[in-house]
Amino acid sequence: MLRLFILSFLSLGILNASSYITPTPFSKHIKQKKAKKVSSSYHMPVITWADVMLSIDNEKLFPNGIKLVDDPIKQIDDVIDGKTPFIRQTVGSGVMIVDALKKAGVDMILFHSLSDSLGADVIVSKKKIKNLNYLKTMVKKGKKPVIAIQWGGPHMGWLIQLLDSLKLSIDDVTIKYTENLFGENSPESAIAEDKSIDIAFVISPSAATLVSGEYALDNLHLLTSTKVMSDAIKDVIYVREDWANKNRDRLKKIRDGYFASRENIKNDKLIKSSAKILFGEGKQGVDDFIAMRDETRFHNKKRSNNFLYNSSNLMNFDRKTSQIISAYSKAGYISSKNLSIDKYNWDVKIDKKAKITELDKKAKASVIHKIQSLDLKGQGQDIFKKSILFKPNQSTFSETAYKGEFEETIRLAATYGGAVIKIIGNVDPQLQRAWNKAVEFKKSHKTAKLMKVERYLKKVTGVNNNLQTMSIQRIKTERNSVQNAAKQTSKERANAVKSAIIKYAQKRNYNLDAARLIVLGEGGDNPVYKKPLNKKQFLKNIRVEFVITNYNAEISEFNEIQDF
Amino acid sequence: MIKKIALILTLLLFSSNSFASDDLLLRKNIIIIFDDSGSMRVKAKNKKSRLSRAKESTIKFVSHLPNNYNLGFYGLNHGYKFPLQAVDEKSLKQITKIISTMRAKGSTPIAKAINKMVNKMQKQKSIQAGYGTYTIVIATDGAANKQNEMLKAVDKAIDEGIEIKTIGIDIGSHTLKSVTNFTEASSVEQLVEAMKKAINSEISLDNEFLLQDF
């Protein structure tokens with residue numbers, strides 16, 4: 001139904017992108033009134049998202065049942081009016097709500113985490129924006145990328161995380177805020193109609209309509225999604241602190257009930273009742289709901305505790321919230337100064353030792369095969385790329401010298417949890433080029449040039465090869481040996497970089513999904529400068545590249561990895 | 001010659017495990033093509049037969065093969081007796097037994113042997129996703145059958161990035177001398193050294209910058 005609804009807007013051509021809104025903190029929208037005591041007949045708010053199932057399954061725990069309230073201002077009003085102690089939002093928009101309620105004298109704390117978006121939310125861009133790296137390039141060139149996003153909506157926190165991963169700030173971009181998430185006056189209509197928009201944060205049915213199918217727009221494509229940035233949008237419940245302090249037993253029942261209900265997400269009856277609340281009666285609604293559910297990662301106790309209480313998790317609630325609060329404060333999106341949000345204390349015991357997930361030797365080899373094959377077919381989408389340079393012959397990578405790079409890689413691995421980070425070793429290509437040229441000149445009988453190669457090899461390696469008398473087979477064999485050694489060494493070097501990153505993470509107690517750090521060695525096959533003309537160019541070839549790539553194909557080995 | 005940067009990253013492909021890795025893709029591969037033709041029965045003056053010396057030296061060599069190597073063994077007239085694999089205590093006993101029981105009989109079909117072993121190496125290269133090193137060592141005492149085919153087989157091996165190294169037992173000349181790395185050996189010690197040398201390459205990468213004028 002949701003899909004059809006969006007389709008109908010596009011097909012009827014009634015999208016109107018001209019209307020943007022000025023970002024105003026939520027606190028400005030609420031009437032300054034004293035918050036009422038929470039009624040004994042309170043409800044649990046829900047929003048249009050698949051984890052509604054968990055609330056429906058536990059409806060009996062809420063005296064006034066559950067209530068669909070997508071409008072954040074309405075949720076704020078309900079809390080102030082004492083109709084509910086709960087706020088149901090994503091972390092990003094939740095910060096705005098907590099800020100607004102603080103202004104009204106209500107302190108909220110984080111109560112529970114429910115789910116993540118795993119592909120249900122998408123960034124669509126103009127095709128000229130080839131990858132996320134391009135946004136950085138635009139900024140470097142002095143052009144601000146123009147972004148369309150719903151004001152106060154579920155994508156706000158994602159925007160901040162995305163900019164942070166690119167080392168950009170809100171000031172580096174132009175943001176056009178829309179009133180709605182989809183349909184009229186939404187990012188979806190904005191990118192379809194407004195030529196100035198470069199990228200838009202949309203939901204997956206909108207993305208499907210915009211880039212594929214009958215009404216697709218030729219100039220648009222998918223840039224990335226929450227399948228790649230798998231920790232970008234987290235759905236949570238906040239609770240009034242005063243009420244929570246008096247209702248620990250009730251909160252415990254709700255928490256336990258939600259964890260238990262995660263086992264029921266495939267229950268037909270629960271699916272139907274969830275679909276009915278969000279999309280109304282009918283098969284289409286059920287189908288849409290199932291599609292939404294399949295793009296949702298429901299939190300079990302381990303994942304929830306890891307998000308809320310694990311200090312080793314670089315994407316934990318505290319880090320994420322502080323990143324968002326800092327960006328919102330600078331941009332004037334919230335009113336409170338020094339806002340901080342506490343979490344309900346369940347005395348959870350977390351093993352704070354860093355968890356490093358890794359594949360076994362056979363699985364590692366198998367993943368590299370698959371990735372090489374996907375790359376050959378052009379099925380990998382590079383999200384962005386960066387290089388770190390090394391000194392010639394360097395084989396160790398100290399924490400002191402590469403702290404910044406290691407930190408960034410670990411952070412990126414956490415930010416782009418659904419992608420892989422290829423660590424690609426490259427060595428100096430000069431020796432390889434010399435032997436390639438030797439083969440070429442030998443074959444074409446260019447004796448003078450062959451002699452130049454011979455002199456070069458003698459100067460560089462100290463070995464006197466008599467290329468004139470050597471057979472073409474022997475020359476080819478030498479070339480092959482150099483190529484193989486270069487490939488081996490470059491992979492060894494990248495292996496050493498990966499090991500150093502893992503050690504660094506362990507030492508700092510950072511969780512790291514090292515299974516997704518894929519090590520490749522390209523020898524001297526892909527130099528920045530094929531024939532370096534000076535020492536500066538020569539040094540730029542000796543490098544390890546980090547390439548974050550999204551593969552849509554299933555790489556089953558990753559499924560064997562245990563969540564942390 | 002310009003002053004070279006210290007060879008910090010010199011690859012010692014044999015004799016050292018300093019770069020040995022648990023990365024399966026980086027394993028090195030060697031297949032020995034062992035001449036077990038009738039002429040290997042010949043004894044040189046004051047020496048054991050060529051076959052005895054070849055057997056003794058090959059056993060010594062495989063017993064000390066670094067653990068980052070896979071080993072395969074092919075007898076010209078006995079076939080692919082020991083498929084390419086990592087050598088552990090159990091398989092070392094196996095290969096030792098195989099070598100010990102070799103008898104000298106038949107002709108010298110080197111072309112056929114190279115072609116077959118190139119196919120095995122190609123398969124292994126695919127398993128290792130293009131990484132690894134691939135060396136075929138031919139220990140032989142004389143002229144091969146079908147020499148043109150043998151040269152074609154060598155060309156095929158080279159095109160596949162497989163290195164062929166030849167050890168001439170009691171011979172200073174061979175058709176393979178000009179197209180492969182050739183070492184002459186006679187005593188057991190010389191044969192062992194020649195086999196070690198066959199997988200002991202020293203390649204210095206990341207050399208100092210020197211402008212290429214070609």
# chains A, B, ... in the order shown; residues from 1 in each chain; ligands from 1

$ residues_around --residues "B:Asn145" --least-positions-apart "3" --cutoff "7 Å" --atoms "only C-alpha atoms" --output "list in words"
Thr108, Pro109 and Ile110 of chain B

$ select_by_dssp --residues "stretch 221-331 of chain A" --states "strand (DSSP E or B)" --output "MDAnalysis selection string"
chainID A and resid 221:225 234:240 296:298

$ write_last_selection --atoms "C-alpha atoms" --output "CSV table (one decimal), in the first residue's frame"
chain,number,residue,atom,x,y,z
A,221,HIS,CA,20.6,6.3,-8.6
A,222,LEU,CA,21.0,4.7,-5.2
A,223,LEU,CA,24.0,6.1,-3.4
A,224,THR,CA,23.8,4.0,-0.2
A,225,SER,CA,21.4,2.5,2.3
A,234,LYS,CA,18.1,2.9,15.6
A,235,ASP,CA,14.6,2.8,17.0
A,236,VAL,CA,14.3,3.4,20.7
A,237,ILE,CA,11.9,4.2,23.5
A,238,TYR,CA,12.5,7.0,25.9
A,239,VAL,CA,10.7,7.3,29.2
A,240,ARG,CA,9.9,10.0,31.7
A,296,THR,CA,14.4,-4.5,10.0
A,297,ARG,CA,16.9,-5.9,12.5
A,298,PHE,CA,15.1,-6.6,15.8

$ interface_residues --of "chain A" --to "chain B" --cutoff "7 Å" --atoms "only C-alpha atoms" --output "number ranges by chain"
A: 361, 365, 369, 392-393, 427-428, 449, 452-453, 459-461, 471, 473-474, 476-477, 480, 482, 484, 487-488, 533, 535, 538

$ atom_distance --atom1 "atom CA of A:Lys355" --atom2 "atom CA of A:Ser312"
8.1 Å

$ closest_residue --among "B:Met117, B:Ile98, B:Ile171, B:Leu176" --to "B:Thr58" --atoms "only C-alpha atoms"
B:Ile98

$ residues_around --residues "A:Lys349" --least-positions-apart "5" --cutoff "10 Å" --atoms "only C-alpha atoms" --output "list of chain:residue names"
A:Asn305, A:Tyr309, A:Asn310

$ atom_distance --atom1 "atom CA of B:Lys43" --atom2 "atom CA of B:Lys197"
24.8 Å

$ residues_around --residues "A:Asp513" --least-positions-apart "4" --cutoff "12 Å" --atoms "only C-alpha atoms" --output "count of residues only"
33

$ decode --residues "stretch 47-121 of chain B" --atoms "C-alpha atoms" --output "PDB file, in the first residue's frame"
ATOM      1  CA  LYS B  47      79.266 -43.059  -7.072  1.00  0.00           C
ATOM      2  CA  LYS B  48      75.899 -44.583  -6.421  1.00  0.00           C
ATOM      3  CA  SER B  49      73.469 -44.792  -9.315  1.00  0.00           C
ATOM      4  CA  ARG B  50      71.841 -41.568 -10.492  1.00  0.00           C
ATOM      5  CA  LEU B  51      68.544 -42.878  -9.185  1.00  0.00           C
ATOM      6  CA  SER B  52      69.960 -43.534  -5.696  1.00  0.00           C
ATOM      7  CA  ARG B  53      71.505 -40.099  -5.518  1.00  0.00           C
ATOM      8  CA  ALA B  54      68.364 -38.429  -6.826  1.00  0.00           C
ATOM      9  CA  LYS B  55      66.211 -40.313  -4.317  1.00  0.00           C
ATOM     10  CA  GLU B  56      68.476 -39.531  -1.376  1.00  0.00           C
ATOM     11  CA  SER B  57      68.743 -35.841  -2.200  1.00  0.00           C
ATOM     12  CA  THR B  58      64.995 -35.458  -2.887  1.00  0.00           C
ATOM     13  CA  ILE B  59      64.136 -37.057   0.463  1.00  0.00           C
ATOM     14  CA  LYS B  60      66.559 -34.707   2.218  1.00  0.00           C
ATOM     15  CA  PHE B  61      65.086 -31.744   0.407  1.00  0.00           C
ATOM     16  CA  VAL B  62      61.430 -32.500   1.126  1.00  0.00           C
ATOM     17  CA  SER B  63      62.245 -33.251   4.781  1.00  0.00           C
ATOM     18  CA  HIS B  64      63.330 -29.653   5.241  1.00  0.00           C
ATOM     19  CA  LEU B  65      60.773 -27.938   3.084  1.00  0.00           C
ATOM     20  CA  PRO B  66      59.520 -24.767   4.833  1.00  0.00           C
ATOM     21  CA  ASN B  67      56.017 -25.096   6.227  1.00  0.00           C
ATOM     22  CA  ASN B  68      54.604 -22.378   3.972  1.00  0.00           C
ATOM     23  CA  TYR B  69      55.071 -24.684   0.968  1.00  0.00           C
ATOM     24  CA  ASN B  70      52.765 -27.178  -0.698  1.00  0.00           C
ATOM     25  CA  LEU B  71      54.595 -30.091  -2.311  1.00  0.00           C
ATOM     26  CA  GLY B  72      53.679 -32.329  -5.230  1.00  0.00           C
ATOM     27  CA  PHE B  73      55.667 -35.226  -6.717  1.00  0.00           C
ATOM     28  CA  TYR B  74      55.485 -36.741 -10.200  1.00  0.00           C
ATOM     29  CA  GLY B  75      57.553 -39.681 -11.449  1.00  0.00           C
ATOM     30  CA  LEU B  76      58.022 -39.600 -15.231  1.00  0.00           C
ATOM     31  CA  ASN B  77      57.051 -43.260 -15.487  1.00  0.00           C
ATOM     32  CA  HIS B  78      55.169 -43.626 -12.197  1.00  0.00           C
ATOM     33  CA  GLY B  79      52.798 -40.675 -12.518  1.00  0.00           C
ATOM     34  CA  TYR B  80      51.425 -38.120 -10.052  1.00  0.00           C
ATOM     35  CA  LYS B  81      52.108 -40.122  -6.936  1.00  0.00           C
ATOM     36  CA  PHE B  82      51.895 -37.325  -4.395  1.00  0.00           C
ATOM     37  CA  PRO B  83      49.323 -34.609  -5.153  1.00  0.00           C
ATOM     38  CA  LEU B  84      50.114 -31.030  -4.205  1.00  0.00           C
ATOM     39  CA  GLN B  85      49.591 -30.611  -0.463  1.00  0.00           C
ATOM     40  CA  ALA B  86      51.035 -29.205   2.743  1.00  0.00           C
ATOM     41  CA  VAL B  87      53.669 -31.493   4.175  1.00  0.00           C
ATOM     42  CA  ASP B  88      53.058 -32.651   7.713  1.00  0.00           C
ATOM     43  CA  GLU B  89      54.510 -35.530   9.696  1.00  0.00           C
ATOM     44  CA  LYS B  90      52.139 -38.077   8.184  1.00  0.00           C
ATOM     45  CA  SER B  91      52.473 -36.964   4.583  1.00  0.00           C
ATOM     46  CA  LEU B  92      56.249 -36.689   4.937  1.00  0.00           C
ATOM     47  CA  LYS B  93      56.328 -40.410   5.706  1.00  0.00           C
ATOM     48  CA  GLN B  94      54.152 -41.020   2.659  1.00  0.00           C
ATOM     49  CA  ILE B  95      56.316 -39.042   0.259  1.00  0.00           C
ATOM     50  CA  THR B  96      59.491 -40.555   1.701  1.00  0.00           C
ATOM     51  CA  LYS B  97      58.090 -44.013   1.039  1.00  0.00           C
ATOM     52  CA  ILE B  98      57.022 -43.054  -2.472  1.00  0.00           C
ATOM     53  CA  ILE B  99      60.467 -41.722  -3.333  1.00  0.00           C
ATOM     54  CA  SER B 100      62.235 -44.689  -1.731  1.00  0.00           C
ATOM     55  CA  THR B 101      60.311 -47.202  -3.769  1.00  0.00           C
ATOM     56  CA  MET B 102      60.909 -45.538  -7.148  1.00  0.00           C
ATOM     57  CA  ARG B 103      62.446 -47.845  -9.743  1.00  0.00           C
ATOM     58  CA  ALA B 104      64.272 -46.780 -12.904  1.00  0.00           C
ATOM     59  CA  LYS B 105      62.329 -47.944 -15.922  1.00  0.00           C
ATOM     60  CA  GLY B 106      60.950 -46.618 -19.214  1.00  0.00           C
ATOM     61  CA  SER B 107      61.497 -43.438 -21.217  1.00  0.00           C
ATOM     62  CA  THR B 108      61.682 -39.662 -20.533  1.00  0.00           C
ATOM     63  CA  PRO B 109      58.258 -38.127 -21.345  1.00  0.00           C
ATOM     64  CA  ILE B 110      58.980 -34.667 -19.898  1.00  0.00           C
ATOM     65  CA  ALA B 111      56.508 -32.819 -22.165  1.00  0.00           C
ATOM     66  CA  LYS B 112      53.616 -34.906 -20.933  1.00  0.00           C
ATOM     67  CA  ALA B 113      54.741 -34.422 -17.330  1.00  0.00           C
ATOM     68  CA  ILE B 114      55.037 -30.636 -17.665  1.00  0.00           C
ATOM     69  CA  ASN B 115      51.630 -30.350 -19.316  1.00  0.00           C
ATOM     70  CA  LYS B 116      49.984 -32.396 -16.598  1.00  0.00           C
ATOM     71  CA  MET B 117      51.669 -30.517 -13.783  1.00  0.00           C
ATOM     72  CA  VAL B 118      50.921 -27.131 -15.343  1.00  0.00           C
ATOM     73  CA  ASN B 119      47.253 -28.092 -15.215  1.00  0.00           C
ATOM     74  CA  LYS B 120      47.576 -28.976 -11.543  1.00  0.00           C
ATOM     75  CA  MET B 121      49.310 -25.689 -10.838  1.00  0.00           C
TER      76      MET B 121
END
